[in-house]
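Colleague: Next comes data-v2.cif, mmCIF, C-alpha atoms:
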data_input
loop_
_atom_site.group_PDB
_atom_site.id
_atom_site.type_symbol
_atom_site.label_atom_id
_atom_site.label_comp_id
_atom_site.auth_asym_id
_atom_site.auth_seq_id
_atom_site.Cartn_x
_atom_site.Cartn_y
_atom_site.Cartn_z
ATOM 1 C CA MET A 1 138.959 -35.493 4.812
ATOM 2 C CA ASN A 2 138.104 -32.558 7.122
ATOM 3 C CA SER A 3 135.074 -30.398 6.367
ATOM 4 C CA ASN A 4 137.095 -27.365 5.232
ATOM 5 C CA LYS A 5 139.148 -29.400 2.790
ATOM 6 C CA LYS A 6 136.055 -31.056 1.345
ATOM 7 C CA THR A 7 134.261 -27.731 0.933
ATOM 8 C CA ALA A 8 137.391 -26.171 -0.570
ATOM 9 C CA ARG A 9 137.726 -28.914 -3.164
ATOM 10 C CA ILE A 10 134.057 -28.644 -4.117
ATOM 11 C CA ALA A 11 134.606 -24.897 -4.557
ATOM 12 C CA GLY A 12 137.756 -25.594 -6.575
ATOM 13 C CA LEU A 13 135.882 -27.961 -8.888
ATOM 14 C CA LEU A 14 133.074 -25.443 -9.414
ATOM 15 C CA TYR A 15 135.653 -22.715 -10.030
ATOM 16 C CA LEU A 16 137.444 -24.903 -12.575
ATOM 17 C CA VAL A 17 134.225 -25.371 -14.548
ATOM 18 C CA VAL A 18 133.625 -21.595 -14.458
ATOM 19 C CA VAL A 19 137.176 -20.873 -15.638
ATOM 20 C CA LEU A 20 137.244 -23.446 -18.451
ATOM 21 C CA SER A 21 133.748 -22.723 -19.769
ATOM 22 C CA GLY A 22 134.431 -18.989 -19.476
ATOM 23 C CA ILE A 23 137.655 -19.220 -21.468
ATOM 24 C CA PHE A 24 135.888 -21.280 -24.120
ATOM 25 C CA SER A 25 132.829 -19.049 -24.489
ATOM 26 C CA LEU A 26 134.385 -15.625 -23.855
ATOM 27 C CA ALA A 27 137.769 -16.060 -25.540
ATOM 28 C CA TYR A 28 138.136 -19.145 -27.739
ATOM 29 C CA VAL A 29 134.850 -18.969 -29.674
ATOM 30 C CA PRO A 30 134.949 -15.188 -30.301
ATOM 31 C CA GLY A 31 138.598 -15.504 -31.345
ATOM 32 C CA LYS A 32 137.661 -18.097 -33.936
ATOM 33 C CA LEU A 33 134.481 -16.521 -35.293
ATOM 34 C CA PHE A 34 134.293 -12.780 -34.708
ATOM 35 C CA VAL A 35 136.179 -10.335 -36.928
ATOM 36 C CA HIS A 36 136.295 -6.791 -35.548
ATOM 37 C CA ASN A 37 134.323 -4.337 -37.709
ATOM 38 C CA ASP A 38 133.937 -6.876 -40.543
ATOM 39 C CA ALA A 39 130.288 -7.896 -40.754
ATOM 40 C CA SER A 40 130.715 -10.036 -43.860
ATOM 41 C CA ALA A 41 133.602 -12.112 -42.494
ATOM 42 C CA THR A 42 131.900 -12.540 -39.112
ATOM 43 C CA PHE A 43 128.637 -13.631 -40.734
ATOM 44 C CA HIS A 44 130.492 -16.114 -42.930
ATOM 45 C CA ASN A 45 132.428 -17.556 -39.969
ATOM 46 C CA ILE A 46 129.307 -18.035 -37.874
ATOM 47 C CA THR A 47 127.233 -19.579 -40.660
ATOM 48 C CA THR A 48 130.008 -22.006 -41.622
ATOM 49 C CA SER A 49 130.785 -22.866 -37.969
ATOM 50 C CA GLU A 50 127.304 -22.638 -36.483
ATOM 51 C CA THR A 51 127.880 -25.661 -34.251
ATOM 52 C CA LEU A 52 130.869 -23.954 -32.616
ATOM 53 C CA PHE A 53 128.786 -20.801 -32.131
ATOM 54 C CA ARG A 54 126.025 -22.850 -30.479
ATOM 55 C CA PHE A 55 128.539 -24.602 -28.226
ATOM 56 C CA GLY A 56 129.789 -21.158 -27.270
ATOM 57 C CA ILE A 57 126.286 -20.284 -26.042
ATOM 58 C CA LEU A 58 126.113 -23.573 -24.139
ATOM 59 C CA GLY A 59 129.501 -22.822 -22.594
ATOM 60 C CA SER A 60 128.150 -19.488 -21.361
ATOM 61 C CA VAL A 61 125.080 -21.145 -19.838
ATOM 62 C CA ILE A 62 127.316 -23.630 -17.995
ATOM 63 C CA CYS A 63 129.685 -20.861 -16.875
ATOM 64 C CA TYR A 64 126.949 -18.609 -15.467
ATOM 65 C CA THR A 65 125.080 -21.483 -13.818
ATOM 66 C CA PHE A 66 128.163 -22.686 -11.977
ATOM 67 C CA PHE A 67 129.067 -19.080 -11.128
ATOM 68 C CA LEU A 68 125.691 -18.850 -9.372
ATOM 69 C CA ILE A 69 126.601 -21.830 -7.164
ATOM 70 C CA LEU A 70 130.295 -21.056 -6.596
ATOM 71 C CA PRO A 71 129.942 -18.039 -4.253
ATOM 72 C CA LEU A 72 127.479 -19.976 -2.088
ATOM 73 C CA VAL A 73 130.074 -22.702 -1.513
ATOM 74 C CA LEU A 74 132.783 -20.090 -0.936
ATOM 75 C CA TYR A 75 130.470 -18.439 1.594
ATOM 76 C CA LYS A 76 130.278 -21.695 3.516
ATOM 77 C CA LEU A 77 134.071 -21.912 3.479
ATOM 78 C CA LEU A 78 134.827 -18.300 4.427
ATOM 79 C CA ARG A 79 131.862 -16.947 6.392
ATOM 80 C CA SER A 80 133.607 -17.424 9.769
ATOM 81 C CA VAL A 81 136.338 -14.989 8.661
ATOM 82 C CA ASP A 82 133.952 -12.057 8.270
ATOM 83 C CA LYS A 83 130.251 -12.644 7.690
ATOM 84 C CA THR A 84 129.598 -9.163 6.270
ATOM 85 C CA PHE A 85 132.342 -9.483 3.666
ATOM 86 C CA ALA A 86 131.178 -13.024 2.875
ATOM 87 C CA GLN A 87 127.623 -11.802 2.272
ATOM 88 C CA SER A 88 128.909 -8.949 0.108
ATOM 89 C CA MET A 89 130.944 -11.431 -1.931
ATOM 90 C CA VAL A 90 127.856 -13.536 -2.634
ATOM 91 C CA VAL A 91 125.604 -10.599 -3.515
ATOM 92 C CA LEU A 92 128.115 -8.954 -5.875
ATOM 93 C CA ALA A 93 128.803 -12.246 -7.651
ATOM 94 C CA VAL A 94 125.172 -13.334 -7.953
ATOM 95 C CA VAL A 95 124.020 -9.940 -9.315
ATOM 96 C CA SER A 96 126.088 -10.540 -12.462
ATOM 97 C CA VAL A 97 124.308 -13.798 -13.315
ATOM 98 C CA PRO A 98 120.904 -12.459 -14.483
ATOM 99 C CA VAL A 99 122.721 -9.692 -16.377
ATOM 100 C CA SER A 100 124.820 -12.313 -18.144
ATOM 101 C CA PHE A 101 121.874 -14.579 -18.948
ATOM 102 C CA ILE A 102 119.771 -11.721 -20.335
ATOM 103 C CA ASN A 103 122.766 -10.633 -22.397
ATOM 104 C CA LEU A 104 122.813 -14.066 -24.076
ATOM 105 C CA LEU A 105 119.590 -13.079 -25.841
ATOM 106 C CA ASN A 106 121.822 -11.175 -28.264
ATOM 107 C CA LYS A 107 123.455 -14.443 -29.335
ATOM 108 C CA PHE A 108 120.078 -16.142 -29.717
ATOM 109 C CA ALA A 109 119.088 -13.205 -31.936
ATOM 110 C CA VAL A 110 122.141 -13.992 -34.085
ATOM 111 C CA LEU A 111 120.927 -17.590 -34.428
ATOM 112 C CA THR A 112 117.586 -16.246 -35.649
ATOM 113 C CA LEU A 113 119.275 -13.959 -38.174
ATOM 114 C CA ILE A 114 121.338 -16.789 -39.680
ATOM 115 C CA SER A 115 118.443 -19.276 -39.697
ATOM 116 C CA LYS A 116 117.449 -18.564 -43.330
ATOM 117 C CA ALA A 117 113.818 -18.237 -42.280
ATOM 118 C CA GLY A 118 111.545 -17.068 -45.068
ATOM 119 C CA TYR A 119 110.641 -13.752 -43.453
ATOM 120 C CA LEU A 120 114.339 -12.771 -43.409
ATOM 121 C CA LYS A 121 114.365 -12.547 -47.212
ATOM 122 C CA VAL A 122 113.171 -8.955 -46.933
ATOM 123 C CA PHE A 123 116.680 -8.047 -45.701
ATOM 124 C CA GLU A 124 119.492 -7.560 -48.172
ATOM 125 C CA ALA A 125 122.606 -9.607 -47.422
ATOM 126 C CA ASP A 126 124.688 -6.679 -46.197
ATOM 127 C CA LYS A 127 121.902 -5.470 -43.895
ATOM 128 C CA LEU A 128 121.475 -8.943 -42.428
ATOM 129 C CA GLN A 129 125.211 -9.173 -41.821
ATOM 130 C CA ALA A 130 125.216 -5.736 -40.195
ATOM 131 C CA GLN A 131 122.438 -6.787 -37.827
ATOM 132 C CA VAL A 132 124.454 -9.844 -36.785
ATOM 133 C CA LEU A 133 127.438 -7.639 -35.984
ATOM 134 C CA LEU A 134 125.165 -5.181 -34.176
ATOM 135 C CA HIS A 135 123.848 -7.920 -31.876
ATOM 136 C CA LEU A 136 127.371 -9.174 -31.223
ATOM 137 C CA GLN A 137 128.445 -5.645 -30.297
ATOM 138 C CA ALA A 138 125.421 -5.385 -28.007
ATOM 139 C CA TYR A 139 126.535 -8.676 -26.446
ATOM 140 C CA ASN A 140 130.008 -7.238 -25.863
ATOM 141 C CA ASN A 141 128.441 -4.163 -24.279
ATOM 142 C CA GLY A 142 126.408 -6.395 -21.988
ATOM 143 C CA ASN A 143 129.559 -8.195 -20.937
ATOM 144 C CA GLN A 144 131.061 -4.824 -20.080
ATOM 145 C CA ILE A 145 128.193 -4.186 -17.663
ATOM 146 C CA ALA A 146 128.562 -7.666 -16.170
ATOM 147 C CA SER A 147 132.325 -7.135 -15.821
ATOM 148 C CA ILE A 148 131.674 -4.451 -13.192
ATOM 149 C CA PHE A 149 130.362 -7.172 -10.906
ATOM 150 C CA TRP A 150 132.935 -9.737 -12.085
ATOM 151 C CA GLY A 151 135.406 -7.252 -10.636
ATOM 152 C CA LEU A 152 133.554 -6.039 -7.540
ATOM 153 C CA TRP A 153 133.013 -9.472 -6.026
ATOM 154 C CA LEU A 154 136.763 -10.101 -6.101
ATOM 155 C CA PHE A 155 137.460 -7.468 -3.442
ATOM 156 C CA PRO A 156 135.494 -9.053 -0.570
ATOM 157 C CA PHE A 157 136.551 -12.485 -1.831
ATOM 158 C CA GLY A 158 140.198 -11.450 -1.852
ATOM 159 C CA TYR A 159 139.898 -9.883 1.602
ATOM 160 C CA LEU A 160 138.428 -13.102 2.980
ATOM 161 C CA VAL A 161 141.188 -15.181 1.384
ATOM 162 C CA PHE A 162 143.846 -12.817 2.758
ATOM 163 C CA LYS A 163 142.435 -12.884 6.312
ATOM 164 C CA SER A 164 141.379 -16.522 6.403
ATOM 165 C CA GLY A 165 144.678 -18.218 7.194
ATOM 166 C CA ILE A 166 143.526 -21.218 5.153
ATOM 167 C CA LEU A 167 144.756 -19.969 1.762
ATOM 168 C CA PRO A 168 147.945 -18.155 0.677
ATOM 169 C CA LYS A 169 147.764 -14.404 1.337
ATOM 170 C CA ILE A 170 149.242 -13.631 -2.088
ATOM 171 C CA LEU A 171 146.092 -15.025 -3.693
ATOM 172 C CA GLY A 172 144.005 -12.615 -1.650
ATOM 173 C CA ILE A 173 146.186 -9.690 -2.733
ATOM 174 C CA LEU A 174 145.891 -10.674 -6.403
ATOM 175 C CA LEU A 175 142.118 -11.020 -6.129
ATOM 176 C CA MET A 176 141.714 -7.587 -4.517
ATOM 177 C CA ALA A 177 143.997 -6.047 -7.144
ATOM 178 C CA GLY A 178 141.950 -7.849 -9.784
ATOM 179 C CA CYS A 179 138.847 -5.985 -8.617
ATOM 180 C CA PHE A 180 140.478 -2.663 -9.493
ATOM 181 C CA GLY A 181 141.811 -4.123 -12.741
ATOM 182 C CA TYR A 182 138.288 -4.925 -13.926
ATOM 183 C CA LEU A 183 137.053 -1.466 -12.941
ATOM 184 C CA ILE A 184 139.966 0.223 -14.708
ATOM 185 C CA ALA A 185 139.298 -1.844 -17.825
ATOM 186 C CA PHE A 186 135.608 -0.920 -17.787
ATOM 187 C CA THR A 187 136.383 2.774 -17.340
ATOM 188 C CA GLY A 188 139.084 2.718 -20.009
ATOM 189 C CA LYS A 189 136.834 1.084 -22.593
ATOM 190 C CA LEU A 190 134.041 3.515 -21.782
ATOM 191 C CA LEU A 191 136.053 6.733 -21.850
ATOM 192 C CA ILE A 192 139.092 6.135 -24.053
ATOM 193 C CA PRO A 193 138.624 5.393 -27.770
ATOM 194 C CA GLY A 194 141.023 2.682 -28.871
ATOM 195 C CA TYR A 195 141.613 1.506 -25.296
ATOM 196 C CA ASN A 196 141.863 -2.124 -26.442
ATOM 197 C CA GLU A 197 144.862 -1.237 -28.607
ATOM 198 C CA MET A 198 146.728 0.337 -25.676
ATOM 199 C CA ALA A 199 149.479 -1.699 -23.991
ATOM 200 C CA ILE A 200 147.881 -1.332 -20.568
ATOM 201 C CA SER A 201 144.794 -3.238 -21.712
ATOM 202 C CA ASP A 202 146.844 -6.443 -21.922
ATOM 203 C CA PHE A 203 148.012 -6.215 -18.311
ATOM 204 C CA VAL A 204 145.354 -4.491 -16.251
ATOM 205 C CA THR A 205 143.242 -7.624 -15.716
ATOM 206 C CA LEU A 206 146.260 -9.907 -15.271
ATOM 207 C CA PRO A 207 146.103 -9.871 -11.438
ATOM 208 C CA ALA A 208 142.483 -11.051 -11.609
ATOM 209 C CA SER A 209 143.401 -13.906 -13.959
ATOM 210 C CA LEU A 210 146.357 -14.983 -11.821
ATOM 211 C CA GLY A 211 144.355 -14.667 -8.618
ATOM 212 C CA GLU A 212 141.316 -16.561 -9.846
ATOM 213 C CA ILE A 213 143.172 -19.358 -11.603
ATOM 214 C CA GLY A 214 145.607 -19.643 -8.696
ATOM 215 C CA THR A 215 142.785 -19.802 -6.161
ATOM 216 C CA CYS A 216 140.898 -22.324 -8.270
ATOM 217 C CA LEU A 217 143.892 -24.657 -8.510
ATOM 218 C CA TRP A 218 144.846 -24.228 -4.849
ATOM 219 C CA LEU A 219 141.321 -25.065 -3.689
ATOM 220 C CA LEU A 220 141.097 -28.037 -6.026
ATOM 221 C CA ILE A 221 144.540 -29.522 -5.369
ATOM 222 C CA MET A 222 145.521 -28.379 -1.887
ATOM 223 C CA GLY A 223 142.132 -27.847 -0.305
ATOM 224 C CA ALA A 224 142.113 -25.701 2.839
ATOM 225 C CA LYS A 225 143.258 -25.959 6.426
ATOM 226 C CA GLU A 226 140.665 -26.663 9.085
ATOM 227 C CA LYS A 227 141.481 -23.669 11.271
ATOM 228 C CA GLN A 228 140.002 -20.284 10.384
ATOM 229 C CA VAL A 229 140.496 -16.854 11.836
ATOM 230 C CA SER A 230 137.448 -15.467 13.610
ATOM 231 C CA ALA A 231 135.991 -12.160 12.503
#
What would you get if you wrote out this structure as structure tokens?

Modeller:
Amino acid sequence: MNSNKKTARIAGLLYLVVVLSGIFSLAYVPGKLFVHNDASATFHNITTSETLFRFGILGSVICYTFFLILPLVLYKLLRSVDKTFAQSMVVLAVVSVPVSFINLLNKFAVLTLISKAGYLKVFEADKLQAQVLLHLQAYNNGNQIASIFWGLWLFPFGYLVFKSGILPKILGILLMAGCFGYLIAFTGKLLIPGYNEMAISDFVTLPASLGEIGTCLWLLIMGAKEKQVSA
């Protein structure tokens, strides 16, 4: 197996772990446990499915750890295309990791609030439930900040894929479009009340999803050609 193909498949495997753990922790677990604007139902779901909630935290730790390694492997694969863009890709991806890890403190705070520790008896049930929902909303806000960088890194990454000659150009186009999709989503949620209920919210990040999943599978299954385009 040539060096490019080996590196590409390592990147594909890392990307697959990021995608699967991200879907589990950012979509599946919240979909099962969190009820929008209903503190009582959310508190009940988490306390009765605490193991799932804890696995959701573990999934996030795995996702962010692998996302720290992934751009370094992609840098090795794509640096000969354009070193400046490759360095930008790494920096923009890695910046999101400490933000994401610090943001997880909100979920650990939820674990404390549902722990039934003696000192929590000073809180009435509805106030305790409200605090749980408050920390979960703070967690969502933290993810919004991290999503800026989840989007920004896709532009240099997509450019490198497009110019590389070792991966399909359409994947590069989708990744670059995905960058703007994330930024539009962030801006929409910040400035437009009820943005999540708008039809556009279901489609604006679709290019990013298609580009990232497509790139992940292509790297994992097809690998990459040996020849690269010089910068």

Colleague: Pull out every residue that the PyMOL selection byres ((chain A and resi 95-101) around 6) matches in the shown coordinates and put them as a list in words.

Modeller: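 Taken on the displayed file, the PyMOL selection byres ((chain A and resi 95-101) around 6) yields the residues Tyr64, Leu92, Ala93, Val94, Ile102, Asn103, Leu104, Ala146 and Phe149 of chain A.
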
Colleague: Please write the residues from the selection above to a file, keeping C-alpha atoms, as a PDB file, in the frame of the given file.

Modeller:
ATOM      1  CA  TYR A  64     126.949 -18.609 -15.467  1.00  0.00           C
ATOM      2  CA  LEU A  92     128.115  -8.954  -5.875  1.00  0.00           C
ATOM      3  CA  ALA A  93     128.803 -12.246  -7.651  1.00  0.00           C
ATOM      4  CA  VAL A  94     125.172 -13.334  -7.953  1.00  0.00           C
ATOM      5  CA  ILE A 102     119.771 -11.721 -20.335  1.00  0.00           C
ATOM      6  CA  ASN A 103     122.766 -10.633 -22.397  1.00  0.00           C
ATOM      7  CA  LEU A 104     122.813 -14.066 -24.076  1.00  0.00           C
ATOM      8  CA  ALA A 146     128.562  -7.666 -16.170  1.00  0.00           C
ATOM      9  CA  PHE A 149     130.362  -7.172 -10.906  1.00  0.00           C
TER      10      PHE A 149
END

Colleague: Would you tabulate, counting all atoms listed in the file, all residues of region 51-127 of chain A that have an atom at most 12 Å from an atom of region 33-36 of chain A, showing the closest pair of atoms and their distance in Å to one decimal, sorted by chain then ascending number, as a tab-separated table?

Modeller:
residue	atom	partner	partner_atom	distance
A:Thr51	CA	A:Leu33	CA	11.3
A:Leu52	CA	A:Leu33	CA	8.7
A:Phe53	CA	A:Leu33	CA	7.8
A:Arg54	CA	A:Leu33	CA	11.6
A:Gly56	CA	A:Leu33	CA	10.4

Colleague: Could the residues in this selection be written to a file with C-alpha atoms, as a tab-separated table (two decimals), in the coordinates of the input?

Modeller:
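Contents of the output file out_24.tsv:
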chain	number	residue	atom	x	y	z
A	51	THR	CA	127.88	-25.66	-34.25
A	52	LEU	CA	130.87	-23.95	-32.62
A	53	PHE	CA	128.79	-20.80	-32.13
A	54	ARG	CA	126.02	-22.85	-30.48
A	56	GLY	CA	129.79	-21.16	-27.27

Colleague: Between A:Gly151, A:Gly22, A:Gly188, A:Gly158, which has the minimum distance to Phe66 (chain A) (counting only C-alpha atoms)?

Modeller: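 Of the candidates, the smallest distance to Phe66 (chain A) is held by A:Gly22.
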
Colleague: Write out as a ChimeraX atom specification each polymer residue whose atoms come within 12 Å of Pro168 (chain A), counting only C-alpha atoms; drop sequence neighbours fewer than 4 positions from it.

Modeller: /A:158-164,172-175,211,214-215,217-219,222-225

Colleague: What is the CA of Ser3 (chain A)-CA of Pro156 (chain A) distance in Å, reported with one decimal?

Modeller: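 It comes out at 22.4 Å.
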
Colleague: Could you list, as a list in words, every residue within 12 Å of Ala125 (chain A), counting only C-alpha atoms and ignoring same-chain residues fewer than 3 positions away?

Modeller: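 In the requested form, the answer reads Ala39, Ser40, Phe43, His44, Leu113, Ile114, Lys116, Leu120, Lys121, Val122, Leu128, Gln129, Ala130, Gln131 and Val132 of chain A.
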
Colleague: So the first atom is CA of Ala185 (chain A) and the second is CA of Lys32 (chain A); what is the distance between them in Å, to one decimal place?

Modeller: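 Taking CA of Ala185 (chain A) as the start and CA of Lys32 (chain A) as the end point, the length is 22.9 Å.
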
Colleague: I need the output of the PyMOL selection byres ((chain A and resi 16) around 10) for this file as a list in words; which residues are they?

Modeller: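 Going through the file, the PyMOL selection byres ((chain A and resi 16) around 10) ends up selecting Ile10, Ala11, Gly12, Leu13, Leu14, Tyr15, Val17, Val18, Val19, Leu20, Ser21, Gly22, Cys63, Phe66, Glu212, Ile213, Thr215, Cys216, Leu217, Leu219 and Leu220 of chain A.
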
Colleague: What separation in Å, quoted to one decimal, exists between CA of Phe180 (chain A) and CA of Leu167 (chain A)?

Modeller: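 Answer for the CA of Phe180 (chain A) to CA of Leu167 (chain A) separation: 21.1 Å.
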
Colleague: Which residue out of A:Asn4, A:Thr65, A:Thr42, A:Thr112 has the minimum interatomic distance to Leu133 (chain A) when all atoms listed in the file are used?

Modeller: A:Thr42

Colleague: Using all atoms listed in the file, can you tell me which of A:Phe108, A:Phe157, A:Phe85, A:Tyr119 comes closest to Lys169 (chain A)?

Modeller: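 Using all atoms listed in the file, the shortest distance to Lys169 (chain A) belongs to A:Phe157.
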
Colleague: Between A:Asp202, A:Ile148, A:Phe24, A:Leu210, which residue has the minimum interatomic distance to Ala177 (chain A), considering only C-alpha atoms?

Modeller: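 Ranked by minimum distance to Ala177 (chain A), first place goes to A:Leu210.
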
Colleague: Between A:Ile192, A:Leu154, A:Ala117, A:Leu183, which one has atoms that come closest to Ala208 (chain A), using all atoms listed in the file?

Modeller: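 Among the listed residues, the smallest separation from Ala208 (chain A) belongs to A:Leu154.
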
Colleague: Can you sort out the box for region 62-66 of chain A, edges along x, y and z, all listed atoms in, 4 Å on every side, with centre and edge lengths in Å to one decimal, as AutoDock Vina command-line options?

Modeller:
--center_x 127.4 --center_y -21.1 --center_z -15.0 --size_x 12.6 --size_y 13.0 --size_z 14.0

Colleague: Could you model N, CA, C and O atoms for region 205-219 of chain A and present them as a PDB file, in the coordinates of the input?

Modeller:
ATOM      1  N   THR A 205     144.039  -6.553 -16.324  1.00  0.00           N
ATOM      2  CA  THR A 205     143.242  -7.624 -15.716  1.00  0.00           C
ATOM      3  C   THR A 205     144.079  -8.860 -15.387  1.00  0.00           C
ATOM      4  O   THR A 205     143.527  -9.879 -14.972  1.00  0.00           O
ATOM      5  N   LEU A 206     145.397  -8.760 -15.557  1.00  0.00           N
ATOM      6  CA  LEU A 206     146.260  -9.907 -15.271  1.00  0.00           C
ATOM      7  C   LEU A 206     146.196 -10.349 -13.815  1.00  0.00           C
ATOM      8  O   LEU A 206     146.144 -11.561 -13.539  1.00  0.00           O
ATOM      9  N   PRO A 207     146.213  -9.419 -12.829  1.00  0.00           N
ATOM     10  CA  PRO A 207     146.103  -9.871 -11.438  1.00  0.00           C
ATOM     11  C   PRO A 207     144.848 -10.696 -11.173  1.00  0.00           C
ATOM     12  O   PRO A 207     144.895 -11.682 -10.427  1.00  0.00           O
ATOM     13  N   ALA A 208     143.727 -10.293 -11.792  1.00  0.00           N
ATOM     14  CA  ALA A 208     142.483 -11.051 -11.609  1.00  0.00           C
ATOM     15  C   ALA A 208     142.632 -12.465 -12.158  1.00  0.00           C
ATOM     16  O   ALA A 208     142.222 -13.444 -11.516  1.00  0.00           O
ATOM     17  N   SER A 209     143.220 -12.588 -13.350  1.00  0.00           N
ATOM     18  CA  SER A 209     143.401 -13.906 -13.959  1.00  0.00           C
ATOM     19  C   SER A 209     144.296 -14.784 -13.098  1.00  0.00           C
ATOM     20  O   SER A 209     143.980 -15.955 -12.832  1.00  0.00           O
ATOM     21  N   LEU A 210     145.426 -14.222 -12.654  1.00  0.00           N
ATOM     22  CA  LEU A 210     146.357 -14.983 -11.821  1.00  0.00           C
ATOM     23  C   LEU A 210     145.712 -15.363 -10.495  1.00  0.00           C
ATOM     24  O   LEU A 210     145.855 -16.492 -10.015  1.00  0.00           O
ATOM     25  N   GLY A 211     144.991 -14.407  -9.903  1.00  0.00           N
ATOM     26  CA  GLY A 211     144.355 -14.667  -8.618  1.00  0.00           C
ATOM     27  C   GLY A 211     143.264 -15.708  -8.710  1.00  0.00           C
ATOM     28  O   GLY A 211     143.175 -16.616  -7.866  1.00  0.00           O
ATOM     29  N   GLU A 212     142.430 -15.622  -9.734  1.00  0.00           N
ATOM     30  CA  GLU A 212     141.316 -16.561  -9.846  1.00  0.00           C
ATOM     31  C   GLU A 212     141.786 -17.960 -10.233  1.00  0.00           C
ATOM     32  O   GLU A 212     141.347 -18.957  -9.643  1.00  0.00           O
ATOM     33  N   ILE A 213     142.668 -18.044 -11.206  1.00  0.00           N
ATOM     34  CA  ILE A 213     143.172 -19.358 -11.603  1.00  0.00           C
ATOM     35  C   ILE A 213     143.994 -19.974 -10.482  1.00  0.00           C
ATOM     36  O   ILE A 213     143.873 -21.173 -10.184  1.00  0.00           O
ATOM     37  N   GLY A 214     144.809 -19.148  -9.823  1.00  0.00           N
ATOM     38  CA  GLY A 214     145.607 -19.643  -8.696  1.00  0.00           C
ATOM     39  C   GLY A 214     144.732 -20.142  -7.565  1.00  0.00           C
ATOM     40  O   GLY A 214     144.989 -21.205  -6.981  1.00  0.00           O
ATOM     41  N   THR A 215     143.700 -19.390  -7.235  1.00  0.00           N
ATOM     42  CA  THR A 215     142.785 -19.802  -6.161  1.00  0.00           C
ATOM     43  C   THR A 215     142.040 -21.068  -6.539  1.00  0.00           C
ATOM     44  O   THR A 215     141.879 -21.987  -5.715  1.00  0.00           O
ATOM     45  N   CYS A 216     141.593 -21.134  -7.772  1.00  0.00           N
ATOM     46  CA  CYS A 216     140.898 -22.324  -8.270  1.00  0.00           C
ATOM     47  C   CYS A 216     141.763 -23.564  -8.099  1.00  0.00           C
ATOM     48  O   CYS A 216     141.321 -24.579  -7.535  1.00  0.00           O
ATOM     49  N   LEU A 217     143.006 -23.492  -8.565  1.00  0.00           N
ATOM     50  CA  LEU A 217     143.892 -24.657  -8.510  1.00  0.00           C
ATOM     51  C   LEU A 217     144.270 -24.996  -7.074  1.00  0.00           C
ATOM     52  O   LEU A 217     144.374 -26.176  -6.713  1.00  0.00           O
ATOM     53  N   TRP A 218     144.487 -23.969  -6.245  1.00  0.00           N
ATOM     54  CA  TRP A 218     144.846 -24.228  -4.849  1.00  0.00           C
ATOM     55  C   TRP A 218     143.702 -24.933  -4.122  1.00  0.00           C
ATOM     56  O   TRP A 218     143.918 -25.913  -3.403  1.00  0.00           O
ATOM     57  N   LEU A 219     142.482 -24.439  -4.323  1.00  0.00           N
ATOM     58  CA  LEU A 219     141.321 -25.065  -3.689  1.00  0.00           C
ATOM     59  C   LEU A 219     141.145 -26.504  -4.162  1.00  0.00           C
ATOM     60  O   LEU A 219     140.852 -27.404  -3.365  1.00  0.00           O
TER      61      LEU A 219
END
